[in-house]
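Participant: This is the structure I have questions about; it appears just below.
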Amino acid sequence: MGSYLLDSDVIISFLRGEDKTINLLKDLEKIAGVPATSPICIAEVQAGVKPGEEERTNNFLDSLKIYVLDRKIANKAGEYIREYKRKGVTLLLPDALIAATCTINNIPLATYNTKHYPMPEIKFVQSFLK
């Protein structure tokens, strides 16, 4: 694995000091490449930052590789939303963009919200740790 994408729920859990996520990231550090995220995840994390948490949050976010949102990712996200809408499943735009980022860049996703990503082509990092 060259890189993996941290969803906002994993980033928030890490910043809260939750053991399950600290251990997950330690395990990933041993077998995976560079931790990364999306601008969408950064916005979601930043929206919930409380006074006094800014420096620690920004230091952690600054340590991550950022996958840029581009036309290919936007197109793929739109395709996901259309495809799943026909199946009666509503995908949120942020989740579709994150899924498209993983698909286009061929990287696994670290998330605790796997139900938000019903696409069979999405690989989850947890499956690499078993």
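Every chain in the structure tokens takes a letter, A first, then B, and so on in the order presented; its residues are numbered from 1, and the ligands are numbered from 1 following the presented order.
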Would you list, as a count of residues only, the residues of stretch 1-88 of chain A that end up in strand (DSSP E) under DSSP run on this structure's backbone?

Facilitator: 10

Participant: From chain A, collect each residue whose DSSP state is helix (DSSP H, G or I) and return the set as a PyMOL selection string.

Facilitator: chain A and resi 8-15+19-31+39-47+54-62+71-86+93-105+114-116+125-128

Participant: Name the residues in contact with stretch 53-69 of chain A at a cut-off of 6 Å, using only C-alpha atoms, excluding same-chain residues fewer than 5 positions from it; report them as a list in words.

Facilitator: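 My list of contacting residues is Pro35, Ala36, Thr37 and Ser38 of chain A.
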
Participant: With only C-alpha atoms as the atoms that count, which of A:Ile107, A:Ile12, A:Ala43, A:Ala100 lies nearest to A:Glu79?

Facilitator: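 Result for the nearest residue to A:Glu79: A:Ala100.
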
Participant: Identify which of the residues A:Gly78, A:Pro39, A:Gly52, A:Pro120 lies closest to A:Leu6, counting only C-alpha atoms when measuring atom-to-atom distances.

Facilitator: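 Nearest candidate to A:Leu6 out of A:Gly78, A:Pro39, A:Gly52, A:Pro120: A:Pro39.
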
Participant: I want to know what sits within 12 Å of A:Ala99, based on only C-alpha atoms, with residues of the same chain fewer than 2 positions away left out; could you give that as an NGL selection string?

Facilitator: :A and (4-7 or 37-38 or 40-41 or 67 or 69 or 73-81 or 91-97 or 101-111 or 113-124)

Participant: Put those residues in a file: C-alpha atoms, as a PDB file, in the first residue's frame.

Facilitator:
ATOM      1  CA  TYR A   4      -4.432   5.475   2.486  1.00  0.00           C
ATOM      2  CA  LEU A   5      -7.118   8.072   3.066  1.00  0.00           C
ATOM      3  CA  LEU A   6      -8.296   8.981   6.566  1.00  0.00           C
ATOM      4  CA  ASP A   7     -11.981   9.826   6.742  1.00  0.00           C
ATOM      5  CA  THR A  37      -6.938  12.812   3.530  1.00  0.00           C
ATOM      6  CA  SER A  38      -9.225  14.911   1.360  1.00  0.00           C
ATOM      7  CA  ILE A  40     -13.609  17.475   2.290  1.00  0.00           C
ATOM      8  CA  CYS A  41     -12.420  15.683   5.434  1.00  0.00           C
ATOM      9  CA  TYR A  67      -5.420  14.492  -2.348  1.00  0.00           C
ATOM     10  CA  LEU A  69     -10.157  17.421  -5.748  1.00  0.00           C
ATOM     11  CA  ILE A  73     -12.901  13.048  -8.928  1.00  0.00           C
ATOM     12  CA  ALA A  74     -15.860  15.394  -9.381  1.00  0.00           C
ATOM     13  CA  ASN A  75     -17.086  13.409 -12.392  1.00  0.00           C
ATOM     14  CA  LYS A  76     -16.738  10.096 -10.543  1.00  0.00           C
ATOM     15  CA  ALA A  77     -18.572  11.470  -7.489  1.00  0.00           C
ATOM     16  CA  GLY A  78     -21.437  12.600  -9.724  1.00  0.00           C
ATOM     17  CA  GLU A  79     -21.549   9.154 -11.338  1.00  0.00           C
ATOM     18  CA  TYR A  80     -21.724   7.514  -7.915  1.00  0.00           C
ATOM     19  CA  ILE A  81     -24.608   9.749  -6.834  1.00  0.00           C
ATOM     20  CA  LEU A  91     -25.289   9.271  -1.171  1.00  0.00           C
ATOM     21  CA  LEU A  92     -24.178  12.499   0.433  1.00  0.00           C
ATOM     22  CA  LEU A  93     -21.942  14.648  -1.748  1.00  0.00           C
ATOM     23  CA  PRO A  94     -19.020  14.624   0.738  1.00  0.00           C
ATOM     24  CA  ASP A  95     -19.084  10.817   0.899  1.00  0.00           C
ATOM     25  CA  ALA A  96     -19.291  10.509  -2.886  1.00  0.00           C
ATOM     26  CA  LEU A  97     -16.290  12.854  -3.251  1.00  0.00           C
ATOM     27  CA  THR A 101     -10.899  10.237  -4.388  1.00  0.00           C
ATOM     28  CA  CYS A 102     -10.111   6.712  -3.213  1.00  0.00           C
ATOM     29  CA  THR A 103     -11.248   5.114  -6.469  1.00  0.00           C
ATOM     30  CA  ILE A 104      -9.429   7.499  -8.814  1.00  0.00           C
ATOM     31  CA  ASN A 105      -6.214   7.326  -6.769  1.00  0.00           C
ATOM     32  CA  ASN A 106      -6.543   3.584  -6.079  1.00  0.00           C
ATOM     33  CA  ILE A 107      -6.091   3.972  -2.325  1.00  0.00           C
ATOM     34  CA  PRO A 108      -7.930   2.341   0.582  1.00  0.00           C
ATOM     35  CA  LEU A 109     -10.122   4.256   2.996  1.00  0.00           C
ATOM     36  CA  ALA A 110      -9.830   4.306   6.785  1.00  0.00           C
ATOM     37  CA  THR A 111     -13.331   4.964   8.104  1.00  0.00           C
ATOM     38  CA  ASN A 113     -18.630   4.608   8.573  1.00  0.00           C
ATOM     39  CA  THR A 114     -18.280   1.853   5.979  1.00  0.00           C
ATOM     40  CA  LYS A 115     -22.043   1.963   5.305  1.00  0.00           C
ATOM     41  CA  HIS A 116     -21.561   5.417   3.784  1.00  0.00           C
ATOM     42  CA  TYR A 117     -19.470   3.788   1.049  1.00  0.00           C
ATOM     43  CA  PRO A 118     -21.481   0.965  -0.579  1.00  0.00           C
ATOM     44  CA  MET A 119     -19.308   0.925  -3.705  1.00  0.00           C
ATOM     45  CA  PRO A 120     -17.773  -2.546  -4.090  1.00  0.00           C
ATOM     46  CA  GLU A 121     -14.553  -1.083  -5.472  1.00  0.00           C
ATOM     47  CA  ILE A 122     -13.830   0.824  -2.250  1.00  0.00           C
ATOM     48  CA  LYS A 123     -11.158  -0.960  -0.223  1.00  0.00           C
ATOM     49  CA  PHE A 124     -11.105  -0.385   3.522  1.00  0.00           C
TER      50      PHE A 124
END

Participant: Could you please determine the separation between atom CA of A:Lys20 and atom CA of A:Val45 in Å, to one decimal place?

Facilitator: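 Atom CA of A:Val45 lies 18.4 Å from atom CA of A:Lys20.
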
Participant: Just to confirm, what's the straight-line distance from atom CA of A:Val125 to atom CA of A:Leu28 in Å (one decimal)?

Facilitator: 8.0 Å

Participant: Have a look at atom CA of A:Leu25 and atom CA of A:Gln126 and let me know their distance in Å, one decimal.

Facilitator: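 Result for atom CA of A:Leu25 versus atom CA of A:Gln126: 10.5 Å, one decimal.
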
Participant: With distances taken over only C-alpha atoms, which of A:Thr90, A:Thr21, A:Ile98, A:Glu29 is nearest to A:Asp70?

Facilitator: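 With only C-alpha atoms as the atom set, the closest residue is A:Ile98.
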
Participant: Between A:Ser13, A:Ser3, A:Gln46, A:Ser8, which is the closest to A:Gly33 once you count only C-alpha atoms?

Facilitator: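 Counting only C-alpha atoms, the residue closest to A:Gly33 is A:Ser3.
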